[in-house]
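Coordinates as given in work-v5.cif (mmCIF, C-alpha atoms):
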```cif
data_coords
#
loop_
_atom_site.label_atom_id
_atom_site.label_comp_id
_atom_site.auth_asym_id
_atom_site.auth_seq_id
_atom_site.Cartn_x
_atom_site.Cartn_y
_atom_site.Cartn_z
CA MET A 1 260.45 67.49 -5.51
CA ALA A 2 261.02 71.18 -6.26
CA ALA A 3 264.06 72.26 -8.21
CA GLY A 4 265.16 74.53 -5.36
CA THR A 5 265.11 71.61 -2.91
CA LEU A 6 267.17 69.48 -5.30
CA VAL A 7 269.76 72.24 -5.67
CA GLN A 8 269.90 72.76 -1.92
CA ARG A 9 270.39 69.06 -1.24
CA GLY A 10 272.97 68.82 -4.01
CA LEU A 11 275.02 71.70 -2.57
CA GLY A 12 274.79 70.18 0.89
CA LEU A 13 275.99 66.82 -0.42
CA VAL A 14 278.90 68.46 -2.24
CA LEU A 15 279.94 70.32 0.92
CA VAL A 16 279.75 67.18 3.08
CA LEU A 17 281.74 65.20 0.48
CA ALA A 18 284.39 67.95 0.29
CA VAL A 19 284.82 68.04 4.06
CA LEU A 20 284.96 64.22 4.19
CA LEU A 21 287.63 64.07 1.47
CA LEU A 22 289.74 66.68 3.25
CA VAL A 23 289.49 64.98 6.66
CA VAL A 24 290.28 61.52 5.27
CA GLY A 25 293.13 62.96 3.21
CA GLN A 26 294.66 64.51 6.32
CA LEU A 27 294.36 61.21 8.22
CA LEU A 28 295.98 59.25 5.39
CA GLY A 29 298.69 61.84 4.72
CA GLN A 30 297.63 61.90 1.07
CA PRO A 31 295.31 64.56 -0.42
CA ILE A 32 292.24 62.97 -2.00
CA LEU A 33 291.15 65.35 -4.78
CA LEU A 34 291.07 68.26 -2.34
CA GLY A 35 293.56 69.81 0.04
CA TYR A 36 294.01 73.02 2.02
CA VAL A 37 296.70 75.26 3.46
CA ALA A 38 296.74 75.90 7.20
CA THR A 39 299.27 78.75 7.24
CA GLY A 40 299.90 81.94 5.30
CA SER A 41 303.20 80.81 3.75
CA MET A 42 301.63 80.83 0.26
CA GLU A 43 300.01 84.27 0.46
CA PRO A 44 298.82 86.06 -1.61
CA THR A 45 298.35 83.01 -3.87
CA MET A 46 296.52 81.08 -1.16
CA ASP A 47 295.36 82.46 2.17
CA ALA A 48 295.39 80.36 5.33
CA GLY A 49 292.32 78.14 5.27
CA ASP A 50 291.90 78.16 1.49
CA GLY A 51 291.20 74.86 -0.21
CA PHE A 52 292.59 73.68 -3.55
CA VAL A 53 292.20 70.89 -6.07
CA ALA A 54 294.94 68.27 -5.64
CA ILE A 55 296.02 66.30 -8.70
CA PRO A 56 297.75 63.02 -7.67
CA SER A 57 301.37 62.84 -8.80
CA LEU A 58 300.58 59.61 -10.67
CA VAL A 59 298.27 61.60 -12.96
CA ALA A 60 299.86 65.05 -12.91
CA GLY A 61 303.02 64.12 -14.81
CA ASP A 62 306.45 65.76 -14.53
CA VAL A 63 306.97 68.56 -12.04
CA GLU A 64 308.18 71.83 -13.58
CA GLU A 65 309.48 75.08 -12.17
CA GLY A 66 306.54 77.26 -11.15
CA ASP A 67 304.30 74.33 -10.16
CA VAL A 68 302.79 74.31 -6.67
CA VAL A 69 303.25 70.86 -5.15
CA VAL A 70 302.20 68.99 -2.02
CA TYR A 71 305.17 67.04 -0.70
CA GLN A 72 305.99 64.93 2.35
CA ALA A 73 308.50 67.10 4.16
CA ARG A 74 311.33 65.68 6.24
CA GLU A 75 311.84 68.62 8.61
CA LEU A 76 309.13 71.23 7.94
CA HIS A 77 305.90 70.88 9.93
CA ASP A 78 307.43 67.96 11.82
CA GLY A 79 307.68 65.95 8.63
CA GLY A 80 304.09 66.57 7.54
CA LEU A 81 302.54 67.56 4.22
CA THR A 82 303.75 70.91 2.88
CA THR A 83 302.29 72.91 0.00
CA HIS A 84 304.93 75.16 -1.63
CA ARG A 85 306.02 76.28 -5.07
CA VAL A 86 308.91 74.74 -7.02
CA VAL A 87 311.40 77.54 -7.75
CA GLY A 88 314.35 75.51 -9.03
CA GLU A 89 315.83 72.09 -9.66
CA THR A 90 319.26 70.60 -8.95
CA ASP A 91 320.84 67.18 -9.24
CA GLU A 92 319.66 66.47 -5.70
CA GLY A 93 316.01 67.42 -6.29
CA TYR A 94 313.63 70.37 -6.34
CA VAL A 95 314.05 73.69 -4.58
CA THR A 96 310.75 74.77 -2.96
CA LYS A 97 309.53 77.98 -1.40
CA GLY A 98 306.38 79.48 0.04
CA ASP A 99 305.34 82.56 -1.97
CA ALA A 100 305.25 84.64 1.22
CA ASN A 101 308.61 83.38 2.53
CA PRO A 102 311.80 85.39 1.92
CA PHE A 103 313.90 82.21 1.70
CA THR A 104 313.59 78.71 0.24
CA ASP A 105 312.85 75.60 2.26
CA GLN A 106 316.34 74.35 1.43
CA ASP A 107 317.90 77.47 2.96
CA GLY A 108 316.69 75.99 6.22
CA ASP A 109 316.96 72.38 7.34
CA GLU A 110 314.73 70.84 4.62
CA PRO A 111 316.70 68.73 2.10
CA HIS A 112 315.98 68.99 -1.60
CA VAL A 113 312.58 67.54 -2.50
CA THR A 114 312.69 64.44 -4.68
CA GLU A 115 309.96 63.09 -6.95
CA GLY A 116 309.29 60.33 -4.44
CA GLN A 117 308.23 62.91 -1.85
CA VAL A 118 305.75 64.71 -4.12
CA VAL A 119 302.26 63.30 -3.52
CA ALA A 120 300.18 65.80 -5.54
CA GLU A 121 300.24 68.95 -7.64
CA VAL A 122 297.90 71.89 -7.12
CA LEU A 123 295.58 72.61 -10.05
CA GLN A 124 296.54 75.77 -11.93
CA VAL A 125 294.74 77.40 -14.84
CA ASN A 126 296.85 79.74 -16.99
CA GLY A 127 299.43 79.80 -14.22
CA ASP A 128 296.92 80.79 -11.50
CA VAL A 129 296.13 78.45 -8.62
CA VAL A 130 292.46 77.48 -8.41
CA THR A 131 291.41 78.08 -4.78
CA ILE A 132 288.26 77.31 -2.80
CA PRO A 133 288.00 80.06 -0.15
CA TYR A 134 287.41 79.04 3.48
CA LEU A 135 287.09 75.33 2.70
CA GLY A 136 290.09 74.49 4.86
CA THR A 137 288.76 76.76 7.62
CA VAL A 138 285.59 74.66 7.75
CA VAL A 139 287.61 71.45 7.98
CA MET A 140 289.91 72.80 10.69
CA GLY A 141 286.81 73.91 12.59
CA VAL A 142 285.31 70.42 12.35
CA GLN A 143 288.59 68.86 13.47
CA GLY A 144 288.85 71.37 16.34
CA VAL A 145 285.35 70.61 17.60
CA ALA A 146 285.95 66.87 17.27
CA ALA A 147 289.26 67.14 19.13
CA SER A 148 287.61 69.21 21.88
CA VAL A 149 284.79 66.68 22.28
CA ALA A 150 287.26 63.79 22.26
CA GLY A 151 289.37 65.55 24.91
CA THR A 152 286.33 66.14 27.10
CA VAL A 153 285.20 62.52 26.77
CA ALA A 154 288.73 61.30 27.51
CA SER A 155 289.00 63.45 30.66
CA VAL A 156 285.54 62.43 31.92
CA PHE A 157 286.22 58.71 31.50
CA GLY A 158 289.89 58.89 32.44
CA LEU A 159 291.12 57.87 28.99
CA ALA A 160 294.46 58.73 27.38
CA THR A 161 294.60 61.59 24.90
CA MET A 162 293.64 60.41 21.43
CA SER A 163 295.99 60.50 18.48
CA THR A 164 294.91 61.84 15.10
CA ASN A 165 294.18 58.35 13.83
CA GLY A 166 292.25 57.56 16.99
CA LEU A 167 290.22 60.73 16.55
CA GLY A 168 289.48 59.75 12.96
CA ALA A 169 288.38 56.30 14.08
CA LEU A 170 286.12 57.91 16.69
CA MET A 171 284.50 60.13 14.06
CA VAL A 172 283.89 57.11 11.84
CA ALA A 173 282.45 55.15 14.78
CA ILE A 174 280.09 58.01 15.66
CA GLY A 175 278.97 58.17 12.04
CA VAL A 176 278.30 54.43 11.95
CA ALA A 177 276.41 54.64 15.26
CA LEU A 178 274.22 57.48 13.98
CA LEU A 179 273.52 55.48 10.83
CA GLY A 180 272.56 52.49 12.97
CA PHE A 181 270.25 54.54 15.18
CA GLY A 182 268.65 56.06 12.10
CA THR A 183 268.02 52.60 10.67
CA VAL A 184 266.51 51.37 13.95
CA PHE A 185 264.19 54.34 14.28
CA ASP A 186 263.20 53.97 10.65
CA ARG A 187 262.31 50.31 11.22
CA LEU A 188 260.69 50.62 14.64
CA GLY A 189 259.24 54.10 14.43
CA PRO A 190 255.65 55.02 13.54
CA ASP A 191 254.30 53.30 10.46
CA ARG A 192 254.17 55.39 7.29
CA ARG A 193 251.64 54.86 4.62
CA GLU A 194 253.21 53.70 1.36
CA THR A 195 251.97 56.02 -1.39
CA ARG A 196 253.91 54.51 -4.27
CA ARG A 197 253.56 51.10 -5.76
CA SER A 198 256.75 49.08 -5.98
CA ARG A 199 257.57 47.61 -9.36
CA SER A 200 260.44 45.48 -8.10
CA ARG A 201 260.06 41.72 -8.07
CA GLU A 202 260.58 39.95 -4.76
CA ASN A 203 263.18 37.18 -4.56
CA VAL A 204 264.65 38.20 -7.93
CA ILE A 205 268.07 39.76 -8.48
CA ALA A 206 268.67 41.31 -11.89
CA PHE A 207 271.50 39.50 -13.67
CA TRP A 208 273.42 42.61 -14.65
CA THR A 209 273.13 44.02 -11.13
CA ALA A 210 274.61 40.84 -9.66
CA LEU A 211 277.30 40.71 -12.33
CA GLY A 212 278.17 44.35 -11.72
CA LEU A 213 278.62 43.72 -8.00
CA VAL A 214 280.82 40.70 -8.67
CA LEU A 215 282.97 42.65 -11.11
CA LEU A 216 283.24 45.53 -8.65
CA VAL A 217 284.63 43.14 -6.04
CA PHE A 218 287.06 41.55 -8.50
CA VAL A 219 288.34 44.88 -9.84
CA THR A 220 288.67 46.31 -6.33
CA PHE A 221 290.77 43.38 -5.11
CA ALA A 222 292.83 43.31 -8.31
CA THR A 223 293.57 47.03 -8.10
CA ALA A 224 294.45 46.72 -4.41
CA ALA A 225 296.80 43.81 -5.18
CA MET A 226 298.67 46.07 -7.61
CA VAL A 227 298.55 49.41 -5.80
CA VAL A 228 298.97 48.49 -2.12
CA PRO A 229 302.39 46.73 -2.42
CA SER A 230 303.63 49.45 -4.79
CA GLY A 231 305.17 52.68 -3.62
CA THR A 232 308.40 54.56 -3.10
CA THR A 233 311.32 53.32 -1.01
CA GLU A 234 313.69 55.80 0.59
CA TYR A 235 317.42 55.09 0.88
CA GLU A 236 319.91 57.06 2.98
CA LEU A 237 323.43 57.57 1.61
CA VAL A 238 326.38 59.16 3.40
CA SER A 239 329.29 60.59 1.43
CA SER A 240 332.26 60.58 3.80
CA GLU A 241 336.03 60.87 3.70
CA SER A 242 336.08 57.95 6.14
CA PRO A 243 333.91 55.19 4.66
CA ASP A 244 333.44 52.03 6.69
CA GLU A 245 331.88 48.59 6.29
CA ASN A 246 328.39 50.04 6.13
CA PRO A 247 327.47 49.77 2.42
CA GLN A 248 325.55 53.06 2.59
CA ILE A 249 328.59 55.05 3.76
CA VAL A 250 330.93 55.59 0.80
CA ALA A 251 333.67 57.94 -0.32
CA PRO A 252 332.72 61.03 -2.37
CA GLY A 253 331.96 60.10 -5.97
CA GLU A 254 331.65 56.38 -5.20
CA THR A 255 328.64 54.11 -5.72
CA ALA A 256 326.96 51.88 -3.14
CA GLU A 257 325.17 48.71 -4.17
CA LEU A 258 322.35 47.17 -2.15
CA THR A 259 320.28 44.05 -2.77
CA ARG A 260 316.52 44.53 -2.71
CA THR A 261 314.23 41.51 -2.29
CA VAL A 262 310.87 41.61 -4.05
CA ASP A 263 308.20 39.25 -2.70
CA ASN A 264 304.92 38.16 -4.26
CA ALA A 265 302.49 36.87 -1.63
CA GLY A 266 299.64 36.47 -4.12
CA TYR A 267 298.30 33.60 -6.19
CA LEU A 268 298.96 35.25 -9.56
CA PRO A 269 302.36 36.11 -11.03
CA VAL A 270 303.19 39.81 -11.07
CA VAL A 271 305.36 42.06 -13.24
CA VAL A 272 307.40 44.46 -11.09
CA VAL A 273 308.87 47.66 -12.54
CA HIS A 274 311.56 49.65 -10.68
CA GLU A 275 311.79 53.33 -11.58
CA PRO A 276 314.10 56.03 -10.11
CA GLN A 277 312.21 58.76 -8.25
CA SER A 278 315.30 60.87 -7.66
CA GLY A 279 318.71 61.40 -9.21
CA ARG A 280 321.77 59.18 -8.77
CA ILE A 281 319.86 55.93 -8.20
CA SER A 282 319.24 52.96 -10.49
CA ALA A 283 318.00 49.37 -10.36
CA ASP A 284 319.17 46.25 -12.20
CA PRO A 285 317.07 44.66 -13.54
CA THR A 286 314.60 47.47 -14.08
CA HIS A 287 311.73 45.00 -14.37
CA GLN A 288 311.13 41.35 -13.52
CA THR A 289 308.35 38.76 -13.34
CA ILE A 290 307.77 37.18 -9.92
CA GLY A 291 305.96 33.83 -9.83
CA ILE A 292 303.13 32.74 -7.56
CA ARG A 293 304.17 33.22 -3.91
CA GLY A 294 307.72 33.65 -5.11
CA SER A 295 310.45 36.25 -4.73
CA GLY A 296 313.19 37.92 -6.73
CA GLU A 297 316.14 40.22 -6.21
CA THR A 298 317.26 43.45 -7.79
CA THR A 299 320.45 45.45 -7.28
CA VAL A 300 319.99 49.08 -6.25
CA SER A 301 322.90 51.43 -7.02
CA LEU A 302 323.28 54.69 -5.05
CA SER A 303 325.80 57.23 -6.33
CA ALA A 304 327.35 59.79 -3.99
CA PRO A 305 328.24 63.32 -5.17
CA ASP A 306 331.79 64.63 -5.04
CA ARG A 307 331.16 66.47 -1.78
CA THR A 308 330.60 65.01 1.66
CA GLY A 309 327.20 64.99 3.35
CA GLN A 310 324.07 62.95 3.93
CA TYR A 311 321.73 62.40 0.98
CA THR A 312 318.42 60.72 0.25
CA ARG A 313 317.54 58.62 -2.78
CA HIS A 314 314.09 57.34 -3.79
CA LEU A 315 313.17 54.28 -5.87
CA GLY A 316 309.62 53.68 -7.10
CA GLU A 317 308.09 50.22 -7.42
CA TYR A 318 305.08 49.42 -9.64
CA ARG A 319 303.28 46.07 -9.72
CA TYR A 320 300.91 44.61 -12.30
CA LEU A 321 299.13 41.25 -12.30
CA ALA A 322 300.64 39.23 -15.16
CA VAL A 323 297.40 38.61 -17.05
CA LEU A 324 299.06 40.09 -20.16
CA PRO A 325 302.53 39.41 -21.57
CA PRO A 326 305.21 41.22 -19.52
CA ALA A 327 306.42 43.11 -22.61
CA VAL A 328 302.90 44.52 -23.12
CA LEU A 329 302.59 45.57 -19.46
CA ILE A 330 306.00 47.24 -19.49
CA TRP A 331 305.09 49.12 -22.69
CA LEU A 332 301.79 50.26 -21.14
CA HIS A 333 303.66 51.32 -18.00
CA GLY A 334 305.88 53.47 -20.22
CA VAL A 335 302.73 55.17 -21.54
CA HIS A 336 301.36 55.66 -18.02
CA PRO A 337 301.03 53.42 -14.94
CA LEU A 338 297.26 53.97 -15.00
CA ALA A 339 297.16 52.58 -18.56
CA ALA A 340 298.72 49.31 -17.36
CA ILE A 341 296.33 49.07 -14.39
CA ALA A 342 293.34 49.77 -16.66
CA ALA A 343 294.47 47.08 -19.13
CA VAL A 344 294.83 44.49 -16.35
CA ASN A 345 291.37 45.31 -14.98
CA GLY A 346 289.95 45.16 -18.52
CA VAL A 347 291.25 41.61 -18.96
CA ILE A 348 289.87 40.57 -15.56
CA VAL A 349 286.44 42.02 -16.40
CA ALA A 350 286.35 40.35 -19.83
CA VAL A 351 287.34 36.91 -18.52
CA SER A 352 284.92 37.14 -15.58
CA VAL A 353 281.99 38.08 -17.83
CA MET A 354 282.74 35.21 -20.22
CA ILE A 355 282.91 32.64 -17.39
CA VAL A 356 279.68 33.87 -15.77
CA LEU A 357 277.82 33.87 -19.08
CA LEU A 358 279.01 30.36 -19.94
CA VAL A 359 278.19 28.90 -16.52
CA PHE A 360 275.02 30.76 -15.49
CA GLY A 361 273.67 32.32 -18.68
CA SER A 362 272.22 35.83 -18.73
CA GLY A 363 268.88 35.25 -16.99
CA ASP A 364 267.85 36.95 -13.76
CA ILE A 365 268.71 35.14 -10.54
CA ARG A 366 265.67 33.84 -8.67
CA PHE A 367 265.65 32.39 -5.19
CA ARG A 368 262.96 31.19 -2.84
CA SER A 369 262.54 31.51 0.89
CA ALA A 370 260.11 28.67 1.47
CA GLY A 371 257.79 28.93 4.43
CA GLY A 372 258.28 32.65 4.90
CA HIS A 373 254.58 32.95 5.88
CA VAL A 374 254.81 30.16 8.46
CA PRO A 375 255.47 31.16 12.10
CA LEU A 376 258.98 30.54 13.37
CA SER A 377 257.78 28.15 16.12
CA THR A 378 256.00 25.97 13.55
CA ARG A 379 259.05 25.85 11.29
CA LEU A 380 261.29 24.86 14.22
CA GLU A 381 258.81 22.15 15.25
CA ARG A 382 258.79 20.73 11.71
CA LYS A 383 262.57 20.68 11.57
CA LEU A 384 262.72 18.91 14.93
CA ARG A 385 260.21 16.23 13.79
CA LYS A 386 262.20 15.68 10.60
CA TRP A 387 265.41 15.34 12.58
CA LEU A 388 263.77 12.77 14.89
CA ARG A 389 262.41 10.76 11.94
CA ASP A 390 265.85 10.64 10.38
CA ARG A 391 267.24 9.22 13.63
CA GLU A 392 264.67 6.35 13.81
#
```
Would it be possible to restate this file's structure as structure tokens?
Amino acid sequence: MAAGTLVQRGLGLVLVLAVLLLVVGQLLGQPILLGYVATGSMEPTMDAGDGFVAIPSLVAGDVEEGDVVVYQARELHDGGLTTHRVVGETDEGYVTKGDANPFTDQDGDEPHVTEGQVVAEVLQVNGDVVTIPYLGTVVMGVQGVAASVAGTVASVFGLATMSTNGLGALMVAIGVALLGFGTVFDRLGPDRRETRRSRSRENVIAFWTALGLVLLVFVTFATAAMVVPSGTTEYELVSSESPDENPQIVAPGETAELTRTVDNAGYLPVVVVHEPQSGRISADPTHQTIGIRGSGETTVSLSAPDRTGQYTRHLGEYRYLAVLPPAVLIWLHGVHPLAAIAAVNGVIVAVSVMIVLLVFGSGDIRFRSAGGHVPLSTRLERKLRKWLRDRE
């Protein structure tokens, strides 16, 4: 294959992957490596339709003044993802602003942005945002065409208007259908002469290939068991001169205490770490070990400022399978949550490899499909005769 063809296919694959990441990120409400701005609020730093590299908050580290962040707004864009610059910080959270806007988001109806709302940071090099021109325009065009087609189909067949998630599911379904049609035509289409000799051995699976697939499944499920139940919980707190029996309505300067139940539905004990994602919130205990299919409780304290108003507090929860001593996992979490997840997966991989080697050895896996050359009718007749003999 010519070098030019390889480059062309590579660029096409990169473009398709970029568009896919952006579309899926929009559907999930979480940028996946790439994001884009749909408005001109960040001009001249980013024009409407420009793409950018999104660094997940878990990896990016602490947010500082001058950083451009992607956060889950409460009022702006109907509570959708917003990409603005951090221009200040208070006890209540970050002050954010679009570079083209004459006022901050908090001058309007948007409350201060807490760490729990920040989902990603925009990659900057020497203080300059790295942009990918027109990438978002392409994605919005794809979404517009898909929405138009979906609307036409819905009107023709008398269906209800699709939601964003429904549209995403439709796009995935169309992709799967096209893949299926392609496979059928490839199997049933005109025969092609095989010009290369296969060196693969039939009915033999390489040991390391099989082991790699098994480990991939184990690591995927282990990571999901730790990441999926984790996340940030939002608490509302009202500071009022007339507090009542509601524990989240307190007098100015007072502290509310709530009980949080932590459940473990799995078949391995887990170490749970509670970490404040905003100011004026704490948890006691900060970490605990929950047994198999067990539960535990932690006390969440919410402190109100000296002035009245409605405030939001965020508490982060991190979970790790207890395959290492809790003290080790908590120390690794202090280094970085990804370090603790990597250590857990490392232990799972090591134990799995040892068990497989002890039980099965390291030879390739061979299997036989006896009678593959015999017609199906003959094989069924033989099975029927055998069944009848066994009944005599």
What is the CA of Val228 (chain A) to CA of Arg280 (chain A) distance in Å?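 Taking CA of Val228 (chain A) as the start and CA of Arg280 (chain A) as the end point, the length is 26.0 Å.
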Considering only C-alpha atoms, return as number ranges by chain whatever protein or nucleic-acid residues lie within 9 Å of Val262 (chain A), sequence-local ones (same chain, fewer than 2 positions apart) excluded. A: 260, 264, 272, 290, 294-298
Which protein, DNA or RNA residues have an atom at most 7 Å from (300.6, 39.5, -12.0), counting only C-alpha atoms? List them as a ChimeraX atom specification. /A:268-271,320-323
Can you list, as number ranges by chain, every protein, DNA or RNA residue that comes within 7 Å of Gly253 (chain A) when you count only C-alpha atoms, leaving out same-chain residues fewer than 3 positions away? A: 303-306
Let's have the selection written as a CSV table (one decimal), in the frame of the given file, with C-alpha atoms.
```csv
chain,number,residue,atom,x,y,z
A,303,SER,CA,325.8,57.2,-6.3
A,304,ALA,CA,327.4,59.8,-4.0
A,305,PRO,CA,328.2,63.3,-5.2
A,306,ASP,CA,331.8,64.6,-5.0
```
Distance criterion (all atoms listed in the file): nearest to Asp91 (chain A) out of A:Asp107, A:Glu115, A:Asp78, A:Glu275: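 For Asp91 (chain A), the nearest of the given residues is A:Glu115.
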Distance in Å - CA of Val95 (chain A) versus CA of Tyr235 (chain A):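 Distance between the two atoms: 19.7 Å.
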